[in-house]
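Source file: input.cif. Holds: mmCIF, C-alpha atoms and all ligand atoms.
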data_model
loop_
_atom_site.group_PDB
_atom_site.id
_atom_site.type_symbol
_atom_site.label_atom_id
_atom_site.label_comp_id
_atom_site.auth_asym_id
_atom_site.auth_seq_id
_atom_site.Cartn_x
_atom_site.Cartn_y
_atom_site.Cartn_z
ATOM 1 C CA MET I 1 -66.984 18.432 -20.728
ATOM 2 C CA SER I 2 -70.473 17.216 -19.891
ATOM 3 C CA GLY I 3 -71.927 13.809 -20.686
ATOM 4 C CA GLY I 4 -69.139 13.131 -23.184
ATOM 5 C CA HIS I 5 -69.825 16.357 -25.098
ATOM 6 C CA ARG I 6 -67.029 18.895 -25.360
ATOM 7 C CA ALA I 7 -68.501 22.420 -25.068
ATOM 8 C CA ARG I 8 -68.157 24.296 -28.387
ATOM 9 C CA LYS I 9 -67.101 27.888 -27.966
ATOM 10 C CA ARG I 10 -68.363 28.988 -31.362
ATOM 11 C CA PHE I 11 -71.898 27.950 -30.363
ATOM 12 C CA GLY I 12 -71.671 29.829 -27.052
ATOM 13 C CA GLN I 13 -72.023 26.601 -25.100
ATOM 14 C CA HIS I 14 -72.120 26.942 -21.302
ATOM 15 C CA PHE I 15 -74.283 24.263 -19.727
ATOM 16 C CA LEU I 16 -76.361 24.917 -16.631
ATOM 17 C CA THR I 17 -75.543 22.578 -13.767
ATOM 18 C CA ASP I 18 -77.013 24.334 -10.714
ATOM 19 C CA THR I 19 -80.377 22.712 -9.988
ATOM 20 C CA HIS I 20 -81.705 25.651 -7.906
ATOM 21 C CA THR I 21 -81.121 27.982 -10.846
ATOM 22 C CA ILE I 22 -82.739 25.538 -13.279
ATOM 23 C CA ASP I 23 -85.857 25.189 -11.086
ATOM 24 C CA ALA I 24 -86.055 28.945 -10.607
ATOM 25 C CA ILE I 25 -85.983 29.564 -14.374
ATOM 26 C CA VAL I 26 -88.804 27.069 -14.952
ATOM 27 C CA ARG I 27 -90.817 28.803 -12.195
ATOM 28 C CA VAL I 28 -90.414 32.150 -13.989
ATOM 29 C CA LEU I 29 -92.049 30.671 -17.099
ATOM 30 C CA ALA I 30 -94.679 28.879 -14.952
ATOM 31 C CA PRO I 31 -96.160 26.916 -17.866
ATOM 32 C CA GLN I 32 -99.523 25.105 -17.948
ATOM 33 C CA ARG I 33 -99.340 21.486 -19.200
ATOM 34 C CA SER I 34 -100.837 22.158 -22.613
ATOM 35 C CA ASP I 35 -98.986 25.448 -23.299
ATOM 36 C CA PRO I 36 -97.051 25.578 -26.557
ATOM 37 C CA VAL I 37 -93.436 26.033 -25.419
ATOM 38 C CA VAL I 38 -90.300 26.427 -27.544
ATOM 39 C CA GLU I 39 -86.840 26.132 -26.020
ATOM 40 C CA ILE I 40 -83.944 27.804 -27.818
ATOM 41 C CA GLY I 41 -80.560 26.081 -27.482
ATOM 42 C CA PRO I 42 -81.449 23.086 -25.274
ATOM 43 C CA GLY I 43 -77.841 21.851 -25.300
ATOM 44 C CA LEU I 44 -77.562 18.782 -23.095
ATOM 45 C CA GLY I 45 -81.116 19.285 -21.835
ATOM 46 C CA ALA I 46 -80.490 20.911 -18.435
ATOM 47 C CA LEU I 47 -83.710 22.942 -18.791
ATOM 48 C CA THR I 48 -85.443 20.556 -21.175
ATOM 49 C CA GLY I 49 -85.934 17.790 -18.605
ATOM 50 C CA PRO I 50 -87.381 19.979 -15.828
ATOM 51 C CA LEU I 51 -89.578 21.771 -18.393
ATOM 52 C CA LEU I 52 -90.975 18.437 -19.573
ATOM 53 C CA ASP I 53 -92.022 17.644 -16.000
ATOM 54 C CA HIS I 54 -94.546 20.491 -16.386
ATOM 55 C CA LEU I 55 -95.544 19.992 -20.027
ATOM 56 C CA ASP I 56 -97.285 17.539 -22.344
ATOM 57 C CA ALA I 57 -94.870 18.352 -25.180
ATOM 58 C CA LEU I 58 -91.946 20.649 -25.971
ATOM 59 C CA THR I 59 -90.336 21.936 -29.173
ATOM 60 C CA VAL I 60 -86.600 22.650 -29.101
ATOM 61 C CA VAL I 61 -84.391 24.516 -31.591
ATOM 62 C CA GLU I 62 -80.736 23.475 -31.559
ATOM 63 C CA LEU I 63 -77.995 24.397 -34.032
ATOM 64 C CA ASP I 64 -75.373 21.874 -32.923
ATOM 65 C CA ARG I 65 -75.953 18.689 -34.905
ATOM 66 C CA ASP I 66 -74.582 16.355 -32.207
ATOM 67 C CA LEU I 67 -76.735 17.897 -29.484
ATOM 68 C CA ALA I 68 -79.832 17.860 -31.713
ATOM 69 C CA GLN I 69 -79.186 14.176 -32.438
ATOM 70 C CA ARG I 70 -79.011 13.320 -28.712
ATOM 71 C CA LEU I 71 -82.331 15.075 -28.078
ATOM 72 C CA ARG I 72 -84.115 13.166 -30.832
ATOM 73 C CA GLY I 73 -84.419 10.185 -28.516
ATOM 74 C CA TRP I 74 -86.335 12.146 -25.864
ATOM 75 C CA PRO I 75 -90.057 11.359 -25.600
ATOM 76 C CA ARG I 76 -92.494 14.282 -26.108
ATOM 77 C CA VAL I 77 -89.720 16.454 -27.581
ATOM 78 C CA ARG I 78 -89.824 17.738 -31.141
ATOM 79 C CA VAL I 79 -86.370 18.753 -32.329
ATOM 80 C CA ILE I 80 -85.840 21.463 -34.920
ATOM 81 C CA GLU I 81 -82.181 21.329 -35.964
ATOM 82 C CA SER I 82 -81.620 24.887 -37.138
ATOM 83 C CA ASP I 83 -80.133 28.267 -36.498
ATOM 84 C CA VAL I 84 -82.865 29.939 -34.429
ATOM 85 C CA LEU I 85 -82.440 33.071 -36.577
ATOM 86 C CA GLN I 86 -83.903 31.049 -39.480
ATOM 87 C CA VAL I 87 -86.981 29.915 -37.554
ATOM 88 C CA ASP I 88 -90.296 31.514 -38.517
ATOM 89 C CA PHE I 89 -91.910 31.783 -35.076
ATOM 90 C CA SER I 90 -95.202 33.027 -36.526
ATOM 91 C CA ALA I 91 -95.516 29.887 -38.664
ATOM 92 C CA LEU I 92 -94.421 27.752 -35.716
ATOM 93 C CA ALA I 93 -97.138 29.296 -33.520
ATOM 94 C CA THR I 94 -99.762 28.303 -36.102
ATOM 95 C CA GLU I 95 -98.274 24.820 -36.440
ATOM 96 C CA LEU I 96 -98.303 24.304 -32.668
ATOM 97 C CA GLY I 97 -101.886 25.496 -32.451
ATOM 98 C CA ALA I 98 -100.862 28.467 -30.334
ATOM 99 C CA GLY I 99 -104.193 29.983 -31.298
ATOM 100 C CA ALA I 100 -105.270 33.565 -31.067
ATOM 101 C CA ARG I 101 -102.895 36.425 -30.477
ATOM 102 C CA PRO I 102 -101.683 37.074 -26.932
ATOM 103 C CA PRO I 103 -102.783 37.410 -24.188
ATOM 104 C CA ALA I 104 -105.130 34.475 -24.889
ATOM 105 C CA GLY I 105 -102.768 32.609 -27.229
ATOM 106 C CA GLY I 106 -99.192 32.748 -28.364
ATOM 107 C CA LEU I 107 -95.972 30.839 -27.847
ATOM 108 C CA ASN I 108 -93.923 30.638 -24.680
ATOM 109 C CA VAL I 109 -90.261 30.893 -25.620
ATOM 110 C CA ILE I 110 -87.510 30.016 -23.178
ATOM 111 C CA GLY I 111 -83.758 29.551 -23.385
ATOM 112 C CA ASN I 112 -80.355 29.900 -21.905
ATOM 113 C CA LEU I 113 -79.222 31.815 -24.979
ATOM 114 C CA PRO I 114 -75.826 31.662 -26.668
ATOM 115 C CA TYR I 115 -74.444 35.057 -25.593
ATOM 116 C CA ASN I 116 -72.579 35.670 -28.859
ATOM 117 C CA VAL I 117 -75.889 35.944 -30.758
ATOM 118 C CA SER I 118 -78.288 37.030 -28.023
ATOM 119 C CA THR I 119 -79.022 40.507 -29.458
ATOM 120 C CA PRO I 120 -79.770 39.181 -32.989
ATOM 121 C CA ILE I 121 -82.069 36.567 -31.387
ATOM 122 C CA LEU I 122 -83.963 39.279 -29.463
ATOM 123 C CA PHE I 123 -84.378 41.326 -32.658
ATOM 124 C CA HIS I 124 -85.437 38.258 -34.640
ATOM 125 C CA LEU I 125 -88.156 37.492 -32.090
ATOM 126 C CA LEU I 126 -89.270 41.115 -32.231
ATOM 127 C CA GLU I 127 -90.224 40.442 -35.870
ATOM 128 C CA HIS I 128 -92.567 37.704 -34.603
ATOM 129 C CA VAL I 129 -93.767 39.448 -31.446
ATOM 130 C CA GLY I 130 -97.422 38.967 -32.422
ATOM 131 C CA ALA I 131 -96.955 35.206 -32.050
ATOM 132 C CA VAL I 132 -95.384 35.270 -28.591
ATOM 133 C CA ARG I 133 -97.008 35.414 -25.156
ATOM 134 C CA ARG I 134 -94.011 35.133 -22.817
ATOM 135 C CA GLN I 135 -90.250 34.965 -23.245
ATOM 136 C CA VAL I 136 -87.899 33.849 -20.474
ATOM 137 C CA PHE I 137 -84.210 34.171 -21.308
ATOM 138 C CA MET I 138 -80.909 33.721 -19.586
ATOM 139 C CA LEU I 139 -78.563 36.408 -20.896
ATOM 140 C CA GLN I 140 -75.459 38.257 -19.907
ATOM 141 C CA ASP I 141 -76.376 40.296 -16.813
ATOM 142 C CA GLU I 142 -74.952 43.430 -18.420
ATOM 143 C CA VAL I 143 -77.277 43.010 -21.429
ATOM 144 C CA ILE I 144 -80.344 42.617 -19.199
ATOM 145 C CA GLU I 145 -79.303 45.717 -17.237
ATOM 146 C CA ARG I 146 -79.280 47.608 -20.548
ATOM 147 C CA MET I 147 -82.638 46.152 -21.616
ATOM 148 C CA VAL I 148 -84.402 47.339 -18.452
ATOM 149 C CA ALA I 149 -82.464 50.613 -17.970
ATOM 150 C CA PRO I 150 -84.770 53.642 -17.659
ATOM 151 C CA PRO I 151 -84.363 56.716 -19.891
ATOM 152 C CA GLY I 152 -81.879 59.139 -18.334
ATOM 153 C CA SER I 153 -79.544 56.392 -17.120
ATOM 154 C CA SER I 154 -76.168 55.800 -18.715
ATOM 155 C CA GLU I 155 -77.147 52.243 -19.791
ATOM 156 C CA PHE I 156 -80.257 53.397 -21.685
ATOM 157 C CA GLY I 157 -79.666 52.766 -25.392
ATOM 158 C CA ARG I 158 -81.126 51.480 -28.659
ATOM 159 C CA LEU I 159 -81.775 48.026 -27.254
ATOM 160 C CA SER I 160 -83.551 49.426 -24.172
ATOM 161 C CA ALA I 161 -85.779 51.781 -26.149
ATOM 162 C CA MET I 162 -86.714 49.267 -28.845
ATOM 163 C CA LEU I 163 -87.504 46.441 -26.427
ATOM 164 C CA GLN I 164 -89.227 48.651 -23.834
ATOM 165 C CA TRP I 165 -91.533 49.902 -26.597
ATOM 166 C CA ARG I 166 -92.686 46.372 -27.335
ATOM 167 C CA TYR I 167 -92.370 44.439 -24.040
ATOM 168 C CA ARG I 168 -92.870 44.706 -20.337
ATOM 169 C CA MET I 169 -89.605 43.336 -18.938
ATOM 170 C CA ASP I 170 -88.554 42.193 -15.485
ATOM 171 C CA LYS I 171 -85.175 40.973 -14.352
ATOM 172 C CA ALA I 172 -86.147 37.846 -12.469
ATOM 173 C CA LEU I 173 -82.895 36.296 -11.295
ATOM 174 C CA PHE I 174 -79.150 36.934 -11.049
ATOM 175 C CA VAL I 175 -76.980 33.907 -11.921
ATOM 176 C CA PRO I 176 -73.243 33.700 -11.125
ATOM 177 C CA PRO I 177 -70.722 31.938 -13.435
ATOM 178 C CA GLU I 178 -70.466 28.939 -11.048
ATOM 179 C CA ALA I 179 -73.963 27.808 -12.082
ATOM 180 C CA PHE I 180 -72.516 26.672 -15.461
ATOM 181 C CA ASP I 181 -70.029 24.205 -16.867
ATOM 182 C CA PRO I 182 -67.807 25.605 -18.253
ATOM 183 C CA PRO I 183 -68.351 28.862 -16.321
ATOM 184 C CA PRO I 184 -68.725 31.918 -18.585
ATOM 185 C CA ARG I 185 -66.444 34.903 -17.951
ATOM 186 C CA VAL I 186 -69.438 37.142 -17.246
ATOM 187 C CA ASP I 187 -72.345 37.261 -14.803
ATOM 188 C CA SER I 188 -75.729 36.132 -16.093
ATOM 189 C CA ALA I 189 -79.348 36.911 -15.309
ATOM 190 C CA VAL I 190 -82.845 35.866 -16.321
ATOM 191 C CA VAL I 191 -85.377 38.216 -17.863
ATOM 192 C CA LEU I 192 -89.139 37.790 -18.291
ATOM 193 C CA MET I 193 -90.470 39.583 -21.372
ATOM 194 C CA GLN I 194 -94.195 40.013 -21.999
ATOM 195 C CA PRO I 195 -95.343 41.719 -25.204
ATOM 196 C CA ARG I 196 -97.412 44.858 -24.693
ATOM 197 C CA SER I 197 -100.834 44.873 -26.303
ATOM 198 C CA VAL I 198 -101.090 46.870 -29.538
ATOM 199 C CA ASN I 199 -103.111 49.638 -27.875
ATOM 200 C CA GLU I 200 -100.249 50.265 -25.425
ATOM 201 C CA LEU I 201 -97.815 51.125 -28.247
ATOM 202 C CA GLY I 202 -98.773 54.769 -28.812
ATOM 203 C CA LEU I 203 -99.528 54.223 -32.502
ATOM 204 C CA PRO I 204 -101.246 57.150 -34.209
ATOM 205 C CA PRO I 205 -104.486 56.357 -36.087
ATOM 206 C CA GLY I 206 -103.895 54.532 -39.373
ATOM 207 C CA VAL I 207 -100.317 53.487 -38.491
ATOM 208 C CA THR I 208 -99.609 49.814 -37.834
ATOM 209 C CA GLU I 209 -96.967 48.376 -35.615
ATOM 210 C CA ALA I 210 -95.355 46.657 -38.626
ATOM 211 C CA GLN I 211 -95.037 50.054 -40.385
ATOM 212 C CA LEU I 212 -93.675 51.865 -37.357
ATOM 213 C CA GLN I 213 -91.153 49.278 -36.194
ATOM 214 C CA PRO I 214 -88.503 49.694 -38.947
ATOM 215 C CA VAL I 215 -88.795 53.493 -38.800
ATOM 216 C CA LEU I 216 -88.372 53.484 -35.031
ATOM 217 C CA GLN I 217 -85.289 51.288 -35.455
ATOM 218 C CA ALA I 218 -83.838 53.776 -37.950
ATOM 219 C CA VAL I 219 -84.619 56.739 -35.652
ATOM 220 C CA LEU I 220 -82.929 55.019 -32.717
ATOM 221 C CA ALA I 221 -79.901 54.033 -34.816
ATOM 222 C CA ALA I 222 -79.455 57.684 -35.858
ATOM 223 C CA ALA I 223 -80.053 59.021 -32.338
ATOM 224 C CA PHE I 224 -77.637 56.675 -30.581
ATOM 225 C CA ALA I 225 -74.926 56.816 -33.255
ATOM 226 C CA GLN I 226 -73.113 59.476 -31.217
ATOM 227 C CA ARG I 227 -74.509 59.212 -27.725
ATOM 228 C CA ARG I 228 -72.136 61.731 -26.137
ATOM 229 C CA LYS I 229 -73.130 64.524 -28.504
ATOM 230 C CA LEU I 230 -76.325 66.538 -28.666
ATOM 231 C CA LEU I 231 -79.001 65.023 -30.896
ATOM 232 C CA ARG I 232 -78.794 67.837 -33.421
ATOM 233 C CA HIS I 233 -75.433 66.428 -34.596
ATOM 234 C CA SER I 234 -76.685 62.882 -35.158
ATOM 235 C CA LEU I 235 -80.459 62.581 -35.322
ATOM 236 C CA GLY I 236 -80.811 66.178 -36.561
ATOM 237 C CA THR I 237 -78.639 65.481 -39.626
ATOM 238 C CA TRP I 238 -80.531 62.269 -40.335
ATOM 239 C CA LEU I 239 -83.944 63.971 -40.042
ATOM 240 C CA ALA I 240 -82.834 66.752 -42.391
ATOM 241 C CA GLY I 241 -81.709 64.086 -44.871
ATOM 242 C CA GLN I 242 -85.179 62.524 -44.687
ATOM 243 C CA GLY I 243 -86.795 65.930 -45.291
ATOM 244 C CA VAL I 244 -88.601 65.728 -41.951
ATOM 245 C CA ASP I 245 -89.752 68.879 -40.182
ATOM 246 C CA THR I 246 -90.432 68.346 -36.463
ATOM 247 C CA PRO I 247 -90.767 70.330 -33.229
ATOM 248 C CA PHE I 248 -88.750 67.544 -31.491
ATOM 249 C CA ASP I 249 -86.143 69.090 -29.131
ATOM 250 C CA LEU I 250 -82.704 68.169 -30.507
ATOM 251 C CA GLN I 251 -80.788 70.033 -27.786
ATOM 252 C CA ARG I 252 -80.608 66.848 -25.715
ATOM 253 C CA ARG I 253 -78.631 63.628 -25.689
ATOM 254 C CA ALA I 254 -80.127 60.375 -27.003
ATOM 255 C CA GLN I 255 -80.366 58.736 -23.588
ATOM 256 C CA GLU I 256 -82.388 61.664 -22.163
ATOM 257 C CA VAL I 257 -85.387 61.044 -24.439
ATOM 258 C CA ASP I 258 -88.071 58.610 -23.360
ATOM 259 C CA VAL I 259 -89.558 55.858 -25.502
ATOM 260 C CA ALA I 260 -92.921 57.573 -26.099
ATOM 261 C CA GLU I 261 -91.156 60.616 -27.600
ATOM 262 C CA TYR I 262 -89.144 58.413 -29.969
ATOM 263 C CA VAL I 263 -92.375 56.695 -31.034
ATOM 264 C CA THR I 264 -94.047 60.065 -31.730
ATOM 265 C CA LEU I 265 -91.026 61.133 -33.772
ATOM 266 C CA ALA I 266 -90.985 57.856 -35.749
ATOM 267 C CA ALA I 267 -94.698 58.355 -36.540
ATOM 268 C CA GLN I 268 -93.920 61.885 -37.833
ATOM 269 C CA VAL I 269 -91.132 60.510 -40.037
ATOM 270 C CA LEU I 270 -93.490 57.863 -41.379
ATOM 271 C CA THR I 271 -96.303 60.275 -42.218
ATOM 272 C CA GLN I 272 -94.078 63.007 -43.677
ATOM 273 C CA ARG I 273 -92.262 60.521 -45.891
ATOM 274 C CA GLY I 274 -95.679 59.637 -47.295
HETATM 275 N N1 LIG I 301 -79.861 25.106 -22.454
HETATM 276 C C1 LIG I 301 -78.558 24.497 -22.202
HETATM 277 C C2 LIG I 301 -78.188 24.708 -20.751
HETATM 278 O O1 LIG I 301 -78.753 25.633 -20.135
HETATM 279 O O2 LIG I 301 -77.351 23.982 -20.234
HETATM 280 C C3 LIG I 301 -77.457 25.057 -23.145
HETATM 281 C C4 LIG I 301 -77.258 26.543 -23.141
HETATM 282 S S1 LIG I 301 -75.856 27.120 -24.066
HETATM 283 C C5 LIG I 301 -75.550 28.689 -23.304
HETATM 284 C C6 LIG I 301 -76.529 27.683 -25.633
HETATM 285 C C7 LIG I 301 -77.094 26.588 -26.552
HETATM 286 O O3 LIG I 301 -77.563 27.197 -27.773
HETATM 287 C C8 LIG I 301 -76.096 25.534 -26.988
HETATM 288 O O4 LIG I 301 -76.693 24.269 -26.909
HETATM 289 C C9 LIG I 301 -75.781 25.878 -28.456
HETATM 290 O O5 LIG I 301 -75.382 24.781 -29.229
HETATM 291 C C10 LIG I 301 -77.097 26.477 -28.914
HETATM 292 N N2 LIG I 301 -76.981 27.444 -30.013
HETATM 293 C C11 LIG I 301 -75.951 28.282 -30.283
HETATM 294 N N3 LIG I 301 -76.232 29.071 -31.330
HETATM 295 C C12 LIG I 301 -77.486 28.725 -31.736
HETATM 296 C C13 LIG I 301 -78.336 29.177 -32.778
HETATM 297 N N4 LIG I 301 -77.946 30.160 -33.597
HETATM 298 N N5 LIG I 301 -79.554 28.598 -32.929
HETATM 299 C C14 LIG I 301 -79.954 27.595 -32.087
HETATM 300 N N6 LIG I 301 -79.189 27.133 -31.064
HETATM 301 C C15 LIG I 301 -77.971 27.688 -30.895
#
Written as structure tokens, that's how I'd like the structure from this file.
Ligand code: SAM
Amino acid sequence: MSGGHRARKRFGQHFLTDTHTIDAIVRVLAPQRSDPVVEIGPGLGALTGPLLDHLDALTVVELDRDLAQRLRGWPRVRVIESDVLQVDFSALATELGAGARPPAGGLNVIGNLPYNVSTPILFHLLEHVGAVRRQVFMLQDEVIERMVAPPGSSEFGRLSAMLQWRYRMDKALFVPPEAFDPPPRVDSAVVLMQPRSVNELGLPPGVTEAQLQPVLQAVLAAAFAQRRKLLRHSLGTWLAGQGVDTPFDLQRRAQEVDVAEYVTLAAQVLTQRG
């Protein structure tokens, strides 16, 4: 219990109480006063208050009606009571005057995310990556380890490949369960995610990022469907089904292939499908 609010398990509520951790997270975002910043899941406002010390204004997205109601009284805070998965971040960027695309413009998104929906939130934001400049998220440590895992390591998977294609990512901080009330059963960490510029994405001429993204997701889903087997059993069958002819070496396992090779393969699938 914090401030008379009983933490709701179904909303993944674990409230930050450790002030050193809170200050460190704000330092990772390092906002300028006029930056457009959106906080996901402000809860009781553990990060909201310290963020406001550095900002002229802040937009927060909170699903829990009671918590959203409490935050409505805060000066300089705009509350969006919603499931963050329903928020159109591209429209929000325009509304907040986030200006040109990154690196000059774009939203700063921060949050101690509800762990039960953290992967869907990351994929939702990927759909709006063109509107984002920086993302700073507290997540389960194990998830961040997978996000930053290099190809060839046992943790390298779909999530790693997809996010590494689109972002530069750094694990900024490890956070033990004692930093929260109630303490989660897992370790946590903070990741800084910065979208790569479009010319870093390895797109072949005439192919846009919006066209490639869903195909790359499908390629990765097929490749990692059976990660212990050679790719010819999983990805090979899928490629044959798509009628794709490729020199791609299928005598490997999914986690042995680096991101650039998956991107090249996705571009081949896209062009051969017509
Ligand atoms: N930021 C606060 C802190 O650090 O103490 C709370 C963090 S708590 C881990 C996650 C917060 O996200 C809760 O306030 C919860 O109600 C909210 N939340 C859960 N699911 C959500 C969703 N789908 N959309 C928006 N907020 C959500």
Next item on the list: Measuring atom to atom with all atoms listed in the file, identify which of I:Glu81, I:Asp23, I:Glu178, I:Glu142 is nearest to ligand LIG 301 (chain I).
Entry: I:Glu81
Checklist line | Polymer residues at most 9 Å from Glu256 (chain I), all atoms listed in the file, same-chain spacing of 4 or more positions, as an NGL selection string | finding: :I and (151-153 or 156 or 252)
Please produce, as CSV, a per-residue contact table for region 153-199 of chain I versus region 122-127 of chain I (criterion: any atom at most 10 Å away, all atoms listed in the file considered), showing the nearest atom pair and its distance in Å to one decimal, sorted by chain then residue number.
residue,atom,partner,partner_atom,distance
I:Leu159,CA,I:Phe123,CA,9.0
I:Met162,CA,I:Phe123,CA,9.1
I:Leu163,CA,I:Leu126,CA,8.1
I:Arg166,CA,I:Leu126,CA,8.0
I:Tyr167,CA,I:Leu126,CA,9.4
I:Pro195,CA,I:Leu126,CA,9.3
Check: Residues picked by the PyMOL selection byres (((chain I and resi 106-110) around 7) and not hetatm) here, as an MDAnalysis selection string?
Finding: chainID I and resid 36:40 93 98:102 105 111 131:137
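Close contacts of Gln251 (chain I), defined as residues with an atom at most 7 Å away when counting all atoms listed in the file, with chain neighbours fewer than 5 positions off set aside, comprise Leu230, Leu231 and Arg232 of chain I.
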Notebook entry, point to check: So which residues are near ligand LIG 301 (chain I), meaning at most 8 Å away with all atoms listed in the file counted, given back as a PyMOL selection string?
Noted result: chain I and resi 8+10-17+22+39-48+61-64+67+81-85+111-117+121+180
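Rounded to one decimal, CA of Ala221 (chain I) and CA of Asp141 (chain I) lie 22.9 Å from each other.
Comparing I:Arg72, I:Gly130, I:Val79, I:Val269 by their smallest distance to Leu58 (chain I), the closest is I:Val79 (using all atoms listed in the file).
Here the PyMOL selection byres (((chain I and resi 76) around 9) and not hetatm) catches exactly these residues: Leu52, Leu55, Asp56, Ala57, Leu58, Thr59, Trp74, Pro75, Val77 and Arg78 of chain I.
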Next item on the list: Starting from the shown file, work through the PyMOL selection byres (((chain I and resi 173) around 12) and not hetatm) and note down what comes out as number ranges by chain.
Entry: I: 20-28, 136-141, 144-145, 170-172, 174-176, 187-192
Check: Contacts of Val219 (chain I) at 12 Å or less, counting only C-alpha atoms, minus same-chain residues fewer than 3 places along, as a PyMOL selection string?
Finding: chain I and resi 158+161-162+212-216+222-225+231+234-239+242+244+254+259+261-270
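Note that the spacing between CA of Ala179 (chain I) and CA of Asp18 (chain I) amounts to 4.8 Å.
You can rank I:Gly157, I:His233, I:Asp249, I:Val129 by their closest distance to Glu209 (chain I) using only C-alpha atoms, and at the top of that list sits I:Val129.
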